[in-house]
Amino acid sequence: MKISRVEVCRIPVNRRGAWLFVVIHTGNGLTGIGEASQGGHGDRASSILESLGAALEGAELPTVEAFHARYYAADEGRPYHTAVSAIEHALWDIRGKSLDAPVCSLLGGRVRDGLRVYANINRATDDRSPAGFARNAGQAVVDGFTAVKLAPFDDVRPADMARRSLGPATRVGIDRVRAVRAEVGQDVDVMVDCHSRFSPGTAVQAARELDDLGLCWLEDPVTCSDIDGLRHVYENTSMPIATGETVRTLRGFHRLLRQRVTDYIMPDVKHVGGILALKKIAAMAQAANVMVAPHNPSGPVATAASAQCMATVPNFAILEYAWGEVDWRTTLVDPSEAVTDGRVTCTGRPGLGVELSEDALLRSRGG
């Protein structure tokens, strides 16, 4: 089976950028799709996809392992890793279709059909007041989500850390979290993403201010490259810690997991090399007794790819969902994407289980 053409589809979304998809066409009529959104550095991932596509056109369809061994270089940057990951998704999609099997069956078989998702409300929240965060959290619950995440501390700056105490920006962030908890009640899980804004000491202080809210986790209180800082937070707070969204290699996750400084890791199927790499990272986490909650502020193809993998992972916890960015998101794939009772379904359809819709192709072509 030969690759006849590699097509890149860019769909403008909002001020945060675009969703970027790849479509691999084969000589026998099968196609495979992948996602390379949020690769960073503007359109760099798009240009890398085009270069990789030109190198692959006319070649025999490689196996996933052979492609990864040939093209995934650990020392490359995020745009390159994102482009390689998208092509890897598409290779899985084609293999599944050629065997009339969903990708999850090729990964060992599913252990669950539905996957719990949480609504990341941060990008959709323009009103950054406590009431604005609470309003969107409440709407996400109305939309069927049983868990929400916010990033309430994005106003915190390094200068705030010099005080070695909680400044006004941190206090406002705490008010935002309290407003969300009051809005959604105790039966909805609430996650807080700190975006690595804190020093270890102030992260512990902020966590103690939130201790009575029963948060699901505190995410990236400090950068995950600061293992000693993570350990300090992990050992001095009562709430679970989540981290790892910026890690892209097996070696990087091995370094993080062997230290026992987190309860959840957050690999992203768009950046770690694809579906098989995500599966391998999850296996390492299982051995370390750590849960997997994939990073996924992405479009519907990355969500489908993540779901195919996580359906097979015993230590899966919950999957991120980019809530509220655009009201036409569900029209981009066929069958349309749906969140029901706080879950997405890993379909039994071949490959990734979804196709880019005519609406998606029209939007990518400016239609």
# chains A, B, ... in the order shown; residues from 1 in each chain; ligands from 1
>>> residues_around(residues="Leu213 of chain A", least_positions_apart="6", cutoff="12 Å", atoms="only C-alpha atoms", output="PyMOL selection string")
chain A and resi 174-175+177-182+184-192+207+238-239
>>> write_last_selection(atoms="N, CA and C atoms", output="short mmCIF file (atom, residue, chain, number, x, y, z; two decimals), in the first residue's frame")
data_model
loop_
_atom_site.label_atom_id
_atom_site.label_comp_id
_atom_site.auth_asym_id
_atom_site.auth_seq_id
_atom_site.Cartn_x
_atom_site.Cartn_y
_atom_site.Cartn_z
N ILE A 174 -7.57 32.53 44.02
CA ILE A 174 -8.25 31.71 45.01
C ILE A 174 -9.75 32.01 45.02
N ASP A 175 -10.10 33.29 44.88
CA ASP A 175 -11.51 33.66 44.81
C ASP A 175 -12.19 33.03 43.60
N VAL A 177 -11.42 30.15 42.17
CA VAL A 177 -11.65 28.73 42.45
C VAL A 177 -12.84 28.56 43.39
N ARG A 178 -12.91 29.40 44.40
CA ARG A 178 -14.02 29.29 45.35
C ARG A 178 -15.35 29.56 44.67
N ALA A 179 -15.36 30.50 43.74
CA ALA A 179 -16.61 30.80 43.03
C ALA A 179 -17.05 29.63 42.17
N VAL A 180 -16.09 28.97 41.53
CA VAL A 180 -16.42 27.80 40.71
C VAL A 180 -16.96 26.68 41.58
N ARG A 181 -16.30 26.41 42.70
CA ARG A 181 -16.78 25.35 43.58
C ARG A 181 -18.19 25.65 44.09
N ALA A 182 -18.45 26.89 44.44
CA ALA A 182 -19.79 27.25 44.92
C ALA A 182 -20.83 27.07 43.83
N VAL A 184 -20.72 24.92 41.08
CA VAL A 184 -20.94 23.56 40.57
C VAL A 184 -21.30 22.58 41.69
N GLY A 185 -21.08 22.95 42.94
CA GLY A 185 -21.40 22.06 44.04
C GLY A 185 -20.32 21.03 44.29
N GLN A 186 -20.58 20.17 45.25
CA GLN A 186 -19.58 19.21 45.70
C GLN A 186 -19.51 17.95 44.84
N ASP A 187 -20.53 17.70 44.02
CA ASP A 187 -20.56 16.46 43.24
C ASP A 187 -19.79 16.55 41.93
N VAL A 188 -19.34 17.73 41.56
CA VAL A 188 -18.57 17.94 40.34
C VAL A 188 -17.09 18.08 40.71
N ASP A 189 -16.22 17.36 40.04
CA ASP A 189 -14.79 17.47 40.29
C ASP A 189 -14.25 18.79 39.73
N VAL A 190 -13.38 19.43 40.48
CA VAL A 190 -12.76 20.69 40.06
C VAL A 190 -11.24 20.51 40.07
N MET A 191 -10.62 20.82 38.93
CA MET A 191 -9.17 20.79 38.81
C MET A 191 -8.67 22.22 38.66
N VAL A 192 -7.48 22.48 39.21
CA VAL A 192 -6.88 23.81 39.13
C VAL A 192 -5.52 23.70 38.45
N ALA A 207 -2.03 26.14 48.00
CA ALA A 207 -2.74 24.88 48.12
C ALA A 207 -3.47 24.78 49.46
N SER A 238 -1.91 18.33 50.75
CA SER A 238 -2.79 17.17 50.90
C SER A 238 -3.45 16.76 49.58
N MET A 239 -3.55 17.70 48.64
CA MET A 239 -4.27 17.39 47.41
C MET A 239 -3.36 16.73 46.38
#
>>> residues_around(residues="segment 129-139 of chain A", least_positions_apart="2", cutoff="9 Å", atoms="only C-alpha atoms", output="PyMOL selection string")
chain A and resi 119-122+124-127+141-144+147-150+152+172-184+324
>>> write_last_selection(atoms="N, CA and C atoms", output="PDB file, in the first residue's frame")
ATOM      1  N   ALA A 119     -14.158  19.371  31.362  1.00  0.00           N
ATOM      2  CA  ALA A 119     -14.237  20.586  30.556  1.00  0.00           C
ATOM      3  C   ALA A 119     -13.160  21.563  31.010  1.00  0.00           C
ATOM      4  N   ASN A 120     -12.193  21.825  30.140  1.00  0.00           N
ATOM      5  CA  ASN A 120     -11.244  22.906  30.394  1.00  0.00           C
ATOM      6  C   ASN A 120     -11.915  24.200  29.950  1.00  0.00           C
ATOM      7  N   ILE A 121     -12.305  25.024  30.909  1.00  0.00           N
ATOM      8  CA  ILE A 121     -13.074  26.233  30.592  1.00  0.00           C
ATOM      9  C   ILE A 121     -12.178  27.453  30.393  1.00  0.00           C
ATOM     10  N   ASN A 122     -10.867  27.291  30.505  1.00  0.00           N
ATOM     11  CA  ASN A 122      -9.984  28.457  30.558  1.00  0.00           C
ATOM     12  C   ASN A 122     -10.013  29.282  29.278  1.00  0.00           C
ATOM     13  N   ALA A 124     -12.214  29.510  26.967  1.00  0.00           N
ATOM     14  CA  ALA A 124     -13.519  30.082  26.629  1.00  0.00           C
ATOM     15  C   ALA A 124     -13.944  31.179  27.594  1.00  0.00           C
ATOM     16  N   THR A 125     -13.139  31.424  28.628  1.00  0.00           N
ATOM     17  CA  THR A 125     -13.525  32.383  29.659  1.00  0.00           C
ATOM     18  C   THR A 125     -12.833  33.720  29.409  1.00  0.00           C
ATOM     19  N   ASP A 126     -13.561  34.638  28.751  1.00  0.00           N
ATOM     20  CA  ASP A 126     -13.041  35.984  28.508  1.00  0.00           C
ATOM     21  C   ASP A 126     -13.238  36.880  29.733  1.00  0.00           C
ATOM     22  N   ASP A 127     -14.344  36.698  30.429  1.00  0.00           N
ATOM     23  CA  ASP A 127     -14.585  37.419  31.672  1.00  0.00           C
ATOM     24  C   ASP A 127     -13.833  36.676  32.770  1.00  0.00           C
ATOM     25  N   VAL A 141     -21.312  22.197  33.169  1.00  0.00           N
ATOM     26  CA  VAL A 141     -22.073  21.157  33.867  1.00  0.00           C
ATOM     27  C   VAL A 141     -23.431  20.955  33.196  1.00  0.00           C
ATOM     28  N   VAL A 142     -24.080  22.053  32.805  1.00  0.00           N
ATOM     29  CA  VAL A 142     -25.337  21.949  32.054  1.00  0.00           C
ATOM     30  C   VAL A 142     -25.133  21.161  30.769  1.00  0.00           C
ATOM     31  N   ASP A 143     -23.959  21.325  30.150  1.00  0.00           N
ATOM     32  CA  ASP A 143     -23.642  20.622  28.904  1.00  0.00           C
ATOM     33  C   ASP A 143     -23.303  19.144  29.120  1.00  0.00           C
ATOM     34  N   GLY A 144     -23.301  18.704  30.356  1.00  0.00           N
ATOM     35  CA  GLY A 144     -23.124  17.277  30.615  1.00  0.00           C
ATOM     36  C   GLY A 144     -21.814  16.873  31.247  1.00  0.00           C
ATOM     37  N   ALA A 147     -16.896  17.197  35.485  1.00  0.00           N
ATOM     38  CA  ALA A 147     -15.626  17.715  35.994  1.00  0.00           C
ATOM     39  C   ALA A 147     -15.230  18.925  35.169  1.00  0.00           C
ATOM     40  N   VAL A 148     -14.641  19.937  35.817  1.00  0.00           N
ATOM     41  CA  VAL A 148     -14.214  21.154  35.124  1.00  0.00           C
ATOM     42  C   VAL A 148     -12.824  21.548  35.612  1.00  0.00           C
ATOM     43  N   LYS A 149     -12.085  22.225  34.727  1.00  0.00           N
ATOM     44  CA  LYS A 149     -10.755  22.729  35.094  1.00  0.00           C
ATOM     45  C   LYS A 149     -10.649  24.194  34.726  1.00  0.00           C
ATOM     46  N   LEU A 150     -10.006  24.953  35.594  1.00  0.00           N
ATOM     47  CA  LEU A 150      -9.746  26.359  35.319  1.00  0.00           C
ATOM     48  C   LEU A 150      -8.291  26.676  35.621  1.00  0.00           C
ATOM     49  N   PRO A 152      -6.756  29.681  37.234  1.00  0.00           N
ATOM     50  CA  PRO A 152      -7.122  30.932  37.903  1.00  0.00           C
ATOM     51  C   PRO A 152      -5.957  31.843  38.247  1.00  0.00           C
ATOM     52  N   VAL A 172      -6.881  36.739  44.174  1.00  0.00           N
ATOM     53  CA  VAL A 172      -7.951  36.766  43.168  1.00  0.00           C
ATOM     54  C   VAL A 172      -8.141  35.364  42.576  1.00  0.00           C
ATOM     55  N   GLY A 173      -7.032  34.681  42.311  1.00  0.00           N
ATOM     56  CA  GLY A 173      -7.127  33.325  41.779  1.00  0.00           C
ATOM     57  C   GLY A 173      -7.859  32.392  42.728  1.00  0.00           C
ATOM     58  N   ILE A 174      -7.570  32.526  44.016  1.00  0.00           N
ATOM     59  CA  ILE A 174      -8.253  31.707  45.015  1.00  0.00           C
ATOM     60  C   ILE A 174      -9.750  32.012  45.017  1.00  0.00           C
ATOM     61  N   ASP A 175     -10.099  33.290  44.883  1.00  0.00           N
ATOM     62  CA  ASP A 175     -11.514  33.662  44.811  1.00  0.00           C
ATOM     63  C   ASP A 175     -12.187  33.030  43.595  1.00  0.00           C
ATOM     64  N   ARG A 176     -11.473  32.949  42.481  1.00  0.00           N
ATOM     65  CA  ARG A 176     -12.039  32.323  41.274  1.00  0.00           C
ATOM     66  C   ARG A 176     -12.356  30.845  41.523  1.00  0.00           C
ATOM     67  N   VAL A 177     -11.422  30.154  42.173  1.00  0.00           N
ATOM     68  CA  VAL A 177     -11.652  28.733  42.449  1.00  0.00           C
ATOM     69  C   VAL A 177     -12.838  28.561  43.393  1.00  0.00           C
ATOM     70  N   ARG A 178     -12.908  29.397  44.404  1.00  0.00           N
ATOM     71  CA  ARG A 178     -14.020  29.293  45.351  1.00  0.00           C
ATOM     72  C   ARG A 178     -15.352  29.560  44.671  1.00  0.00           C
ATOM     73  N   ALA A 179     -15.362  30.503  43.742  1.00  0.00           N
ATOM     74  CA  ALA A 179     -16.607  30.804  43.028  1.00  0.00           C
ATOM     75  C   ALA A 179     -17.046  29.631  42.168  1.00  0.00           C
ATOM     76  N   VAL A 180     -16.091  28.974  41.530  1.00  0.00           N
ATOM     77  CA  VAL A 180     -16.420  27.804  40.710  1.00  0.00           C
ATOM     78  C   VAL A 180     -16.962  26.680  41.579  1.00  0.00           C
ATOM     79  N   ARG A 181     -16.295  26.407  42.700  1.00  0.00           N
ATOM     80  CA  ARG A 181     -16.780  25.348  43.581  1.00  0.00           C
ATOM     81  C   ARG A 181     -18.191  25.652  44.085  1.00  0.00           C
ATOM     82  N   ALA A 182     -18.455  26.885  44.439  1.00  0.00           N
ATOM     83  CA  ALA A 182     -19.786  27.252  44.921  1.00  0.00           C
ATOM     84  C   ALA A 182     -20.833  27.073  43.828  1.00  0.00           C
ATOM     85  N   GLU A 183     -20.449  27.337  42.584  1.00  0.00           N
ATOM     86  CA  GLU A 183     -21.389  27.233  41.464  1.00  0.00           C
ATOM     87  C   GLU A 183     -21.714  25.787  41.120  1.00  0.00           C
ATOM     88  N   VAL A 184     -20.716  24.924  41.076  1.00  0.00           N
ATOM     89  CA  VAL A 184     -20.942  23.557  40.575  1.00  0.00           C
ATOM     90  C   VAL A 184     -21.300  22.581  41.687  1.00  0.00           C
ATOM     91  N   GLY A 324     -16.071  24.938  24.836  1.00  0.00           N
ATOM     92  CA  GLY A 324     -16.573  26.280  24.572  1.00  0.00           C
ATOM     93  C   GLY A 324     -15.773  27.145  23.630  1.00  0.00           C
TER      94      GLY A 324
END
>>> closest_residue(among="A:Val339, A:Ala151, A:Val156, A:Leu106", to="Arg123 of chain A", atoms="only C-alpha atoms")
A:Ala151
>>> closest_residue(among="A:Ser105, A:Ser298, A:Thr243, A:Ser51", to="Thr312 of chain A", atoms="only C-alpha atoms")
A:Ser105
>>> select_by_dssp(residues="segment 94-284 of chain A", states="alpha helix (DSSP H)", output="PyMOL selection string")
chain A and resi 94-98+103-106+130-142+158-161+168-184+200-209+227-236+250-257+275-284
>>> write_last_selection(atoms="C-alpha atoms", output="mmCIF file, in the first residue's frame")
data_model
loop_
_atom_site.group_PDB
_atom_site.id
_atom_site.type_symbol
_atom_site.label_atom_id
_atom_site.label_comp_id
_atom_site.auth_asym_id
_atom_site.auth_seq_id
_atom_site.Cartn_x
_atom_site.Cartn_y
_atom_site.Cartn_z
ATOM 1 C CA ILE A 94 -5.158 3.555 7.865
ATOM 2 C CA ARG A 95 -3.985 0.308 9.470
ATOM 3 C CA GLY A 96 -7.208 -0.003 11.389
ATOM 4 C CA LYS A 97 -9.294 0.604 8.288
ATOM 5 C CA SER A 98 -7.271 -1.882 6.266
ATOM 6 C CA VAL A 103 -7.221 1.153 16.764
ATOM 7 C CA CYS A 104 -8.015 0.127 20.338
ATOM 8 C CA SER A 105 -8.293 -3.504 19.190
ATOM 9 C CA LEU A 106 -4.809 -3.279 17.655
ATOM 10 C CA PRO A 130 -14.719 34.966 39.756
ATOM 11 C CA ALA A 131 -18.288 35.293 38.471
ATOM 12 C CA GLY A 132 -17.125 34.814 34.866
ATOM 13 C CA PHE A 133 -15.303 31.589 35.696
ATOM 14 C CA ALA A 134 -18.251 30.364 37.747
ATOM 15 C CA ARG A 135 -20.710 31.098 34.952
ATOM 16 C CA ASN A 136 -18.772 29.026 32.420
ATOM 17 C CA ALA A 137 -18.200 26.217 34.885
ATOM 18 C CA GLY A 138 -21.929 26.073 35.493
ATOM 19 C CA GLN A 139 -22.644 25.999 31.765
ATOM 20 C CA ALA A 140 -20.186 23.155 31.256
ATOM 21 C CA VAL A 141 -22.073 21.157 33.867
ATOM 22 C CA VAL A 142 -25.337 21.949 32.054
ATOM 23 C CA PRO A 158 7.510 36.143 39.101
ATOM 24 C CA ALA A 159 7.625 39.413 41.044
ATOM 25 C CA ASP A 160 4.748 38.166 43.179
ATOM 26 C CA MET A 161 6.934 35.295 44.377
ATOM 27 C CA PRO A 168 -3.225 40.118 45.397
ATOM 28 C CA ALA A 169 -3.064 38.173 42.106
ATOM 29 C CA THR A 170 -2.949 34.883 43.992
ATOM 30 C CA ARG A 171 -5.820 35.968 46.221
ATOM 31 C CA VAL A 172 -7.951 36.766 43.168
ATOM 32 C CA GLY A 173 -7.127 33.325 41.779
ATOM 33 C CA ILE A 174 -8.253 31.707 45.015
ATOM 34 C CA ASP A 175 -11.514 33.662 44.811
ATOM 35 C CA ARG A 176 -12.039 32.323 41.274
ATOM 36 C CA VAL A 177 -11.652 28.733 42.449
ATOM 37 C CA ARG A 178 -14.020 29.293 45.351
ATOM 38 C CA ALA A 179 -16.607 30.804 43.028
ATOM 39 C CA VAL A 180 -16.420 27.804 40.710
ATOM 40 C CA ARG A 181 -16.780 25.348 43.581
ATOM 41 C CA ALA A 182 -19.786 27.252 44.921
ATOM 42 C CA GLU A 183 -21.389 27.233 41.464
ATOM 43 C CA VAL A 184 -20.942 23.557 40.575
ATOM 44 C CA PRO A 200 7.505 25.701 45.633
ATOM 45 C CA GLY A 201 6.876 27.583 48.868
ATOM 46 C CA THR A 202 4.081 29.796 47.592
ATOM 47 C CA ALA A 203 2.503 26.813 45.799
ATOM 48 C CA VAL A 204 2.202 25.088 49.180
ATOM 49 C CA GLN A 205 0.693 28.227 50.716
ATOM 50 C CA ALA A 206 -1.855 28.566 47.904
ATOM 51 C CA ALA A 207 -2.743 24.879 48.120
ATOM 52 C CA ARG A 208 -3.465 25.202 51.831
ATOM 53 C CA GLU A 209 -5.834 28.089 51.098
ATOM 54 C CA ILE A 227 11.908 17.849 40.333
ATOM 55 C CA ASP A 228 13.025 19.109 43.745
ATOM 56 C CA GLY A 229 10.348 21.806 43.664
ATOM 57 C CA LEU A 230 7.679 19.300 42.684
ATOM 58 C CA ARG A 231 8.790 17.026 45.491
ATOM 59 C CA HIS A 232 8.448 19.868 47.984
ATOM 60 C CA VAL A 233 4.882 20.580 46.858
ATOM 61 C CA TYR A 234 3.976 16.890 46.677
ATOM 62 C CA GLU A 235 5.219 16.204 50.196
ATOM 63 C CA ASN A 236 3.706 19.308 51.790
ATOM 64 C CA LEU A 250 9.933 8.443 26.973
ATOM 65 C CA ARG A 251 13.143 9.415 28.720
ATOM 66 C CA GLY A 252 11.543 12.572 30.081
ATOM 67 C CA PHE A 253 8.584 10.672 31.500
ATOM 68 C CA HIS A 254 10.887 8.020 32.945
ATOM 69 C CA ARG A 255 12.814 10.748 34.770
ATOM 70 C CA LEU A 256 9.569 12.210 36.119
ATOM 71 C CA LEU A 257 7.977 8.919 37.144
ATOM 72 C CA ILE A 275 -0.740 6.864 19.999
ATOM 73 C CA LEU A 276 1.827 4.113 20.521
ATOM 74 C CA ALA A 277 4.136 6.398 22.495
ATOM 75 C CA LEU A 278 1.178 7.416 24.643
ATOM 76 C CA LYS A 279 0.471 3.748 25.318
ATOM 77 C CA LYS A 280 4.111 3.136 26.318
ATOM 78 C CA ILE A 281 4.112 6.143 28.649
ATOM 79 C CA ALA A 282 0.907 4.898 30.263
ATOM 80 C CA ALA A 283 2.547 1.508 30.871
ATOM 81 C CA MET A 284 5.501 3.190 32.594
#
>>> closest_residue(among="A:Pro300, A:Pro240, A:Pro102, A:Pro267", to="Gly348 of chain A", atoms="only C-alpha atoms")
A:Pro102
>>> atom_distance(atom1="atom CA of Leu20 of chain A", atom2="atom CA of Ala54 of chain A")
17.2 Å
>>> closest_residue(among="A:Gly39, A:Gly27, A:Gly108, A:Pro335", to="Val84 of chain A", atoms="only C-alpha atoms")
A:Gly39
>>> closest_residue(among="A:Gly366, A:Gly109, A:Pro221, A:Gly273", to="Pro12 of chain A", atoms="only C-alpha atoms")
A:Gly366
>>> closest_residue(among="A:Ile318, A:Val261, A:Val301, A:Ile11", to="Asp226 of chain A", atoms="only C-alpha atoms")
A:Val261
>>> residues_around(residues="His25 of chain A", least_positions_apart="6", cutoff="8 Å", atoms="only C-alpha atoms", output="compact mmCIF listing (two decimals) with C-alpha atoms, in the first residue's frame")
# COMPACT_ATOMS: atom_id res chain seq x y z
CA ILE A 3 1.10 6.81 0.06
CA SER A 4 -0.19 8.86 -2.85
CA ARG A 5 -0.71 12.24 -1.19
CA VAL A 6 -0.42 13.99 2.17
CA GLU A 7 -2.85 16.86 2.70
CA THR A 31 -7.26 7.65 4.01
CA GLY A 32 -5.97 8.32 7.50
>>> atom_distance(atom1="atom CA of Glu325 of chain A", atom2="atom CA of Asn296 of chain A")
13.3 Å
>>> select_by_dssp(residues="segment 83-197 of chain A", states="strand (DSSP E)", output="NGL selection string")
:A and (114-120 or 147-150 or 189-193)
>>> write_last_selection(atoms="C-alpha atoms", output="PDB file, in the first residue's frame")
ATOM      1  CA  GLY A 114     -16.739   5.311  27.659  1.00  0.00           C
ATOM      2  CA  LEU A 115     -13.992   7.670  28.766  1.00  0.00           C
ATOM      3  CA  ARG A 116     -14.617  10.342  31.359  1.00  0.00           C
ATOM      4  CA  VAL A 117     -13.725  13.859  30.199  1.00  0.00           C
ATOM      5  CA  TYR A 118     -13.398  17.177  31.979  1.00  0.00           C
ATOM      6  CA  ALA A 119     -14.237  20.586  30.556  1.00  0.00           C
ATOM      7  CA  ASN A 120     -11.244  22.906  30.394  1.00  0.00           C
ATOM      8  CA  ALA A 147     -15.626  17.715  35.994  1.00  0.00           C
ATOM      9  CA  VAL A 148     -14.214  21.154  35.124  1.00  0.00           C
ATOM     10  CA  LYS A 149     -10.755  22.729  35.094  1.00  0.00           C
ATOM     11  CA  LEU A 150      -9.746  26.359  35.319  1.00  0.00           C
ATOM     12  CA  ASP A 189     -14.787  17.475  40.291  1.00  0.00           C
ATOM     13  CA  VAL A 190     -12.758  20.687  40.058  1.00  0.00           C
ATOM     14  CA  MET A 191      -9.173  20.790  38.810  1.00  0.00           C
ATOM     15  CA  VAL A 192      -6.876  23.811  39.125  1.00  0.00           C
ATOM     16  CA  ASP A 193      -4.100  24.469  36.596  1.00  0.00           C
TER      17      ASP A 193
END
>>> atom_distance(atom1="atom CA of Leu332 of chain A", atom2="atom CA of Asp93 of chain A")
16.8 Å
>>> residues_around(residues="Met266 of chain A", least_positions_apart="6", cutoff="9 Å", atoms="only C-alpha atoms", output="PyMOL selection string")
chain A and resi 242-247+291-296
>>> write_last_selection(atoms="N, CA and C atoms", output="mmCIF file, in the first residue's frame")
data_model
loop_
_atom_site.group_PDB
_atom_site.id
_atom_site.type_symbol
_atom_site.label_atom_id
_atom_site.label_comp_id
_atom_site.auth_asym_id
_atom_site.auth_seq_id
_atom_site.Cartn_x
_atom_site.Cartn_y
_atom_site.Cartn_z
ATOM 1 N N ALA A 242 -0.807 16.983 39.581
ATOM 2 C CA ALA A 242 -0.775 16.552 38.172
ATOM 3 C C ALA A 242 0.279 17.365 37.444
ATOM 4 N N THR A 243 1.002 16.723 36.529
ATOM 5 C CA THR A 243 2.031 17.438 35.770
ATOM 6 C C THR A 243 2.424 16.614 34.549
ATOM 7 N N GLY A 244 3.240 17.203 33.681
ATOM 8 C CA GLY A 244 3.831 16.458 32.576
ATOM 9 C C GLY A 244 3.377 16.845 31.193
ATOM 10 N N GLU A 245 2.548 17.884 31.052
ATOM 11 C CA GLU A 245 2.049 18.208 29.717
ATOM 12 C C GLU A 245 3.145 18.696 28.775
ATOM 13 N N THR A 246 4.246 19.210 29.311
ATOM 14 C CA THR A 246 5.318 19.711 28.448
ATOM 15 C C THR A 246 6.372 18.654 28.138
ATOM 16 N N VAL A 247 6.259 17.476 28.748
ATOM 17 C CA VAL A 247 7.227 16.402 28.502
ATOM 18 C C VAL A 247 6.829 15.669 27.231
ATOM 19 N N MET A 291 -1.535 7.547 37.844
ATOM 20 C CA MET A 291 -2.650 7.583 36.908
ATOM 21 C C MET A 291 -2.310 8.459 35.699
ATOM 22 N N VAL A 292 -3.019 8.220 34.586
ATOM 23 C CA VAL A 292 -2.801 8.965 33.350
ATOM 24 C C VAL A 292 -4.038 9.803 33.048
ATOM 25 N N ALA A 293 -3.826 11.105 32.890
ATOM 26 C CA ALA A 293 -4.893 12.043 32.545
ATOM 27 C C ALA A 293 -4.390 12.891 31.378
ATOM 28 N N PRO A 294 -4.529 12.410 30.142
ATOM 29 C CA PRO A 294 -3.868 13.067 29.016
ATOM 30 C C PRO A 294 -4.234 14.532 28.833
ATOM 31 N N HIS A 295 -3.212 15.308 28.561
ATOM 32 C CA HIS A 295 -3.360 16.707 28.140
ATOM 33 C C HIS A 295 -4.015 16.705 26.765
ATOM 34 N N ASN A 296 -5.053 17.533 26.575
ATOM 35 C CA ASN A 296 -5.779 17.453 25.300
ATOM 36 C C ASN A 296 -6.633 18.699 25.054
#
